[in-house]
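To start, the structure itself, in structure tokens.
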Amino acid sequence: MSDVVLRGIRKSFGDIETLHGIDLDIKDGEFVVFVGPSGCGKSTLLRTIAGLEDITSGDLHIGGERCNDTPPAKRGVAMVFQSYALYPHMTVAENMAFGLKLAGVSKEEMKQAVDRAARILQIEHLLERKPKALSGGQRQRVAIGRAIVRKPNVFLFDEPLSNLDAALRVQMRIEITKLHRELNTTMVYVTHDQVEAMTLADRIVVLNAGNVEQVGSPLELYHHPRNLFVAGFIGSPKMNFVEGKLAAIGANHATVQLADGSMVTAAVDASAGQVGGKVTLGIRPEHFEFSASGNTISGQLIAVEHLGEATICYLQVPGASEHLVVRADAEHEAKPGETLSVRLPETRCYLFNEAGLAFQRVKNS
Amino acid sequence: MAVVLDKSHRWRVVAAHLGLICFIALIMFPFLMILLISLRPGNFSTGDLIPSQISLEHWKLVLGIPYQAADGRLVEPEFPVLLWLWNSIKVAALSGLIGLLLSTTCAYAFARMRFAFKAQLINSLMLVQMFPTVLALVAIYAIFDQIGGYVPWLGLDTHGGLILAYTGGIALHIWTIKGYFDTIPVEIEEAAKVDGATPFQAFRYVLLPMAVPILMVVFLLAFIQGVNEYPIASVLLKQQDQLTIAVGIKMFLYEQKYFWGDFAAAAILSGLPISIVFLLAQRWMTSGLTAGGVKG
């Protein structure tokens, strides 16, 4: 078991820099998820921790030791790849024992370690098969098993579930959580799926274009995103953004004038703002209310989706960059073409200044 | 599986089969002619298509067994054909193995490592290979003449020299193996490296076992090349007992007299090792060795 410390990690491929100085402290036994859109550098960052990519500048410490120039084999890490990357010419048991065989472990110990991992992952009946005779989910279990067998200090997962179908993904997600509880080892997990990030992580690291946007617990990121990017990335369906101007400011409220002239109040500390300054109002689809009194926004309903457990309404609102997405009750009976007014609860609103940084929300509970 | 077929389909199948049979006959005809020439008494290149009389005189000569001629005298074999055959097998197998070793490691470097001028190097390999060997014969002769002055067992008239000359022609093999390595996902080796393998162990225990089919193909090609090659062997080898069979059987064709029967028997004999190696190699040339390693 060990912690992982990153200090000013930069990575360049030729002239192109993909990581622009990453600082991060991953505590011993913590489950940290790197999340971000494709191309944001999250996989590259994971591969630098694994030692599969060299570090252009900065320091990487694993378990207190500087590991910049340590080959992958000696870092005490194990990695699970998106494509499983099993050895196709070996059986499942040989696949799992490969690392131990290289380390010169005795046959006895090897068998014990493999059996233990197979028991944890319930793949004991597959040990003699070749990877090509396994299903996708089974292959991913073997890949995880191969990582467990080596008893690493740090587990690295590179989008391990993205090749599985939706049902299997949910199941494996729960198993990985269980595995983390049982092994209590540091785990670093890369995904582009924010639901996976929210459900698995102790802490989430949101990356964008080679920079860390925010680090925090899932709920911290949900309730107190630091900027527009994090606010838009965490949550599904994503947060609505409406542009407007600051009309009044205070230490625990801000009034925003929207493009159609209506006024909306948000419970944020806007004392740093300027009256008349451009701002972006944010509100999550699930936080709208349907009582049409005060603090409302109205628009034309252009589409309605009945999902069964809820109804998703799409509103055309002046000043909104995209359609406003409103999550309503399953029984909601609005029809496309109607004009709909929805209330924005003050304490549910987010507000961002012109640079995209969030005003601190007033804590309400 | 049962696809609905048009009525005319049956006739098209028959026509296709007829076409294929004609094609095979066309290919087999020269081989059957050689076989018949080797079994006909006397040394004639032409004669009855179905011989009226079968004689094993040419085969006996080629295999080194004296035989009684029609006029009663005992004919002793003139040339050591079996020795030539052995020379050919030795040279082809060794040059194939050494070539395989070099081209595999070389292909690994081109497929997996990063170094300066990589693209230029591998393209120039291809270009050099396109230059016809025959045009370089004089140079090759001069080079091995010089080498022989320092390292006698690599000089003219040695099998070592010939093997070295053949091993030089591996550019195409490097391309072939590199192409195969490129199709094997890098993640599998990366997984091995994280698992604790050194780059060489990843190559030896992970990449190489997956590449067995292509290695077999390349060895087979190199072996066939080694047995059949004529120009270089004819320039480098002079002494009768050093010759390879491709060069040696030319001796049956004098200026004044062509021993077509003996020539034919020896020619078929030279095809034998190739067939045997092919049959042996076939069981390794299975597809699907890399299946299941990564998400397809």
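In the structure tokens, chains take the letters A, B, ... in the order shown, each chain's residues start at 1, and ligands count up from 1 in the order shown.
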task = Considering only C-alpha atoms, extract the chain A residues located within 6 Å of chain B and return them as an NGL selection string.
result = :A and (72-73 or 83-88 or 99 or 131-132)
List the spatial neighbours of A:Val275 as a CSV table (one decimal) with C-alpha atoms, in the first residue's frame - criterion: any atom at most 10 Å away, only C-alpha atoms, same-chain residues fewer than 2 positions off excluded.
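Once everything was written out, this is result_23.csv:
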chain,number,residue,atom,x,y,z
A,245,LYS,CA,-26.4,40.4,-16.6
A,246,LEU,CA,-26.0,41.0,-12.9
A,247,ALA,CA,-28.7,43.4,-11.7
A,248,ALA,CA,-28.2,43.4,-8.0
A,249,ILE,CA,-25.5,41.8,-5.8
A,254,ALA,CA,-27.6,37.9,-6.7
A,255,THR,CA,-30.3,39.0,-9.1
A,256,VAL,CA,-29.7,38.3,-12.7
A,270,ALA,CA,-21.9,37.7,-5.4
A,271,SER,CA,-20.1,40.4,-3.5
A,272,ALA,CA,-17.2,40.0,-5.8
A,273,GLY,CA,-19.3,40.7,-8.9
A,277,GLY,CA,-21.4,42.4,-15.5
A,278,LYS,CA,-22.0,39.4,-17.8
query = Could you pull out the strand (DSSP E or B) residues of stretch 212-254 of chain A from DSSP and send them as a list in words?
reply = Val212, Glu213, Gln214, Val215, Gly216, Asn227, Asn240, Phe241, Val242, Glu243, Gly244, Lys245, Leu246, Ala247, Ala248, Ile249 and Ala254 of chain A
Take the selection from the previous step and output its residues with C-alpha atoms, as a tab-separated table (two decimals), in the first residue's frame.
chain	number	residue	atom	x	y	z
A	212	VAL	CA	-6.77	19.70	-13.45
A	213	GLU	CA	-10.04	21.64	-13.28
A	214	GLN	CA	-11.11	20.51	-9.83
A	215	VAL	CA	-10.44	17.80	-7.27
A	216	GLY	CA	-13.08	16.81	-4.77
A	227	ASN	CA	-16.20	26.57	-12.86
A	240	ASN	CA	-28.48	24.21	-18.11
A	241	PHE	CA	-26.72	27.49	-18.72
A	242	VAL	CA	-28.51	30.78	-19.38
A	243	GLU	CA	-26.65	34.00	-20.00
A	244	GLY	CA	-27.62	37.26	-18.33
A	245	LYS	CA	-26.45	40.40	-16.58
A	246	LEU	CA	-25.98	41.03	-12.88
A	247	ALA	CA	-28.75	43.38	-11.74
A	248	ALA	CA	-28.16	43.36	-8.00
A	249	ILE	CA	-25.48	41.83	-5.80
A	254	ALA	CA	-27.56	37.89	-6.70
message = Run DSSP on the backbone and tell me which residues of stretch 139-287 of chain B come out as alpha helix (DSSP H); list them as a VMD selection string.
response = chain B and resid 139 to 150 159 to 167 171 to 183 186 to 194 199 to 201 208 to 210 212 to 228 231 to 236 245 to 248 260 to 282
Can you pull out the residues contacting stretch 46-60 of chain A? Cut-off 7 Å, using only C-alpha atoms, and skip same-chain residues under 4 positions away; I want them as an mmCIF file with all heavy atoms, in the first residue's frame.
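Written file, part.cif:
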data_model
loop_
_atom_site.group_PDB
_atom_site.id
_atom_site.type_symbol
_atom_site.label_atom_id
_atom_site.label_comp_id
_atom_site.auth_asym_id
_atom_site.auth_seq_id
_atom_site.Cartn_x
_atom_site.Cartn_y
_atom_site.Cartn_z
ATOM 1 N N VAL A 5 2.079 10.709 -5.217
ATOM 2 C CA VAL A 5 2.174 12.171 -5.196
ATOM 3 C C VAL A 5 2.699 12.655 -6.532
ATOM 4 O O VAL A 5 3.735 12.183 -7.004
ATOM 5 C CB VAL A 5 3.098 12.646 -4.057
ATOM 6 C CG1 VAL A 5 3.226 14.165 -4.090
ATOM 7 C CG2 VAL A 5 2.575 12.176 -2.718
ATOM 8 N N LEU A 6 1.972 13.548 -7.156
ATOM 9 C CA LEU A 6 2.389 14.127 -8.431
ATOM 10 C C LEU A 6 2.696 15.598 -8.221
ATOM 11 O O LEU A 6 1.900 16.311 -7.608
ATOM 12 C CB LEU A 6 1.279 13.993 -9.482
ATOM 13 C CG LEU A 6 1.021 12.619 -10.084
ATOM 14 C CD1 LEU A 6 0.286 11.745 -9.099
ATOM 15 C CD2 LEU A 6 0.216 12.725 -11.351
ATOM 16 N N ARG A 7 3.852 16.024 -8.709
ATOM 17 C CA ARG A 7 4.249 17.423 -8.555
ATOM 18 C C ARG A 7 4.650 17.992 -9.906
ATOM 19 O O ARG A 7 5.668 17.597 -10.473
ATOM 20 C CB ARG A 7 5.439 17.533 -7.597
ATOM 21 C CG ARG A 7 5.072 17.342 -6.140
ATOM 22 C CD ARG A 7 4.390 18.578 -5.544
ATOM 23 N NE ARG A 7 3.851 18.268 -4.233
ATOM 24 C CZ ARG A 7 2.621 17.818 -4.002
ATOM 25 N NH1 ARG A 7 1.788 17.656 -5.011
ATOM 26 N NH2 ARG A 7 2.204 17.531 -2.797
ATOM 27 N N GLY A 8 3.834 18.876 -10.424
ATOM 28 C CA GLY A 8 4.179 19.582 -11.666
ATOM 29 C C GLY A 8 4.466 18.662 -12.826
ATOM 30 O O GLY A 8 5.397 18.882 -13.597
ATOM 31 N N ILE A 9 3.653 17.605 -12.969
ATOM 32 C CA ILE A 9 3.901 16.639 -14.037
ATOM 33 C C ILE A 9 3.566 17.255 -15.398
ATOM 34 O O ILE A 9 2.457 17.725 -15.626
ATOM 35 C CB ILE A 9 3.025 15.377 -13.842
ATOM 36 C CG1 ILE A 9 3.373 14.671 -12.541
ATOM 37 C CG2 ILE A 9 3.136 14.447 -15.042
ATOM 38 C CD1 ILE A 9 4.619 13.859 -12.574
ATOM 39 N N ARG A 10 4.552 17.269 -16.279
ATOM 40 C CA ARG A 10 4.334 17.722 -17.647
ATOM 41 C C ARG A 10 4.704 16.599 -18.594
ATOM 42 O O ARG A 10 5.634 15.829 -18.329
ATOM 43 C CB ARG A 10 5.204 18.940 -17.972
ATOM 44 C CG ARG A 10 4.708 20.199 -17.320
ATOM 45 C CD ARG A 10 5.664 21.360 -17.537
ATOM 46 N NE ARG A 10 5.182 22.506 -16.766
ATOM 47 C CZ ARG A 10 4.273 23.365 -17.227
ATOM 48 N NH1 ARG A 10 3.793 23.222 -18.450
ATOM 49 N NH2 ARG A 10 3.860 24.361 -16.475
ATOM 50 N N LYS A 11 3.966 16.511 -19.692
ATOM 51 C CA LYS A 11 4.263 15.476 -20.677
ATOM 52 C C LYS A 11 4.125 16.072 -22.070
ATOM 53 O O LYS A 11 3.100 16.671 -22.394
ATOM 54 C CB LYS A 11 3.283 14.300 -20.512
ATOM 55 C CG LYS A 11 3.368 13.267 -21.588
ATOM 56 C CD LYS A 11 4.647 12.457 -21.492
ATOM 57 C CE LYS A 11 4.848 11.605 -22.728
ATOM 58 N NZ LYS A 11 6.206 11.071 -22.804
ATOM 59 N N SER A 12 5.182 15.928 -22.860
ATOM 60 C CA SER A 12 5.129 16.421 -24.233
ATOM 61 C C SER A 12 5.373 15.268 -25.191
ATOM 62 O O SER A 12 6.203 14.398 -24.928
ATOM 63 C CB SER A 12 6.199 17.480 -24.464
ATOM 64 O OG SER A 12 6.097 18.488 -23.501
ATOM 65 N N LYS A 42 -6.247 12.235 -19.546
ATOM 66 C CA LYS A 42 -6.407 11.388 -18.359
ATOM 67 C C LYS A 42 -5.692 10.044 -18.511
ATOM 68 O O LYS A 42 -5.051 9.569 -17.585
ATOM 69 C CB LYS A 42 -7.897 11.192 -18.033
ATOM 70 C CG LYS A 42 -8.740 10.643 -19.162
ATOM 71 C CD LYS A 42 -10.220 10.729 -18.817
ATOM 72 C CE LYS A 42 -11.086 9.981 -19.804
ATOM 73 N NZ LYS A 42 -11.033 10.483 -21.189
ATOM 74 N N ARG A 66 10.789 8.487 -5.260
ATOM 75 C CA ARG A 66 10.681 9.150 -6.554
ATOM 76 C C ARG A 66 10.789 8.093 -7.644
ATOM 77 O O ARG A 66 11.748 7.312 -7.686
ATOM 78 C CB ARG A 66 11.793 10.183 -6.712
ATOM 79 C CG ARG A 66 11.632 11.062 -7.924
ATOM 80 C CD ARG A 66 12.675 12.181 -7.894
ATOM 81 N NE ARG A 66 12.550 13.068 -9.046
ATOM 82 C CZ ARG A 66 13.098 12.805 -10.222
ATOM 83 N NH1 ARG A 66 13.780 11.700 -10.405
ATOM 84 N NH2 ARG A 66 12.945 13.662 -11.242
ATOM 85 N N CYS A 67 9.785 8.039 -8.510
ATOM 86 C CA CYS A 67 9.689 6.936 -9.469
ATOM 87 C C CYS A 67 9.838 7.377 -10.919
ATOM 88 O O CYS A 67 9.566 6.586 -11.825
ATOM 89 C CB CYS A 67 8.352 6.225 -9.320
ATOM 90 S SG CYS A 67 8.298 5.182 -7.880
ATOM 91 N N ASN A 68 10.244 8.624 -11.160
ATOM 92 C CA ASN A 68 10.323 9.111 -12.544
ATOM 93 C C ASN A 68 11.058 8.150 -13.471
ATOM 94 O O ASN A 68 10.633 7.923 -14.594
ATOM 95 C CB ASN A 68 11.060 10.451 -12.580
ATOM 96 C CG ASN A 68 10.179 11.584 -12.139
ATOM 97 O OD1 ASN A 68 9.357 11.395 -11.255
ATOM 98 N ND2 ASN A 68 10.334 12.737 -12.753
ATOM 99 N N PRO A 71 11.481 1.670 -13.995
ATOM 100 C CA PRO A 71 10.681 0.975 -15.015
ATOM 101 C C PRO A 71 9.365 0.466 -14.416
ATOM 102 O O PRO A 71 9.276 0.251 -13.203
ATOM 103 C CB PRO A 71 11.576 -0.180 -15.454
ATOM 104 C CG PRO A 71 12.573 -0.340 -14.376
ATOM 105 C CD PRO A 71 12.752 0.992 -13.739
ATOM 106 N N PRO A 72 8.333 0.280 -15.272
ATOM 107 C CA PRO A 72 7.008 -0.098 -14.789
ATOM 108 C C PRO A 72 7.049 -1.291 -13.841
ATOM 109 O O PRO A 72 6.348 -1.308 -12.824
ATOM 110 C CB PRO A 72 6.248 -0.459 -16.061
ATOM 111 C CG PRO A 72 7.022 0.040 -17.198
ATOM 112 C CD PRO A 72 8.379 0.418 -16.726
ATOM 113 N N VAL A 77 3.061 -1.304 -9.281
ATOM 114 C CA VAL A 77 1.721 -0.990 -9.758
ATOM 115 C C VAL A 77 1.211 -2.130 -10.635
ATOM 116 O O VAL A 77 1.993 -2.914 -11.169
ATOM 117 C CB VAL A 77 1.705 0.318 -10.590
ATOM 118 C CG1 VAL A 77 2.173 1.481 -9.754
ATOM 119 C CG2 VAL A 77 2.537 0.170 -11.849
#
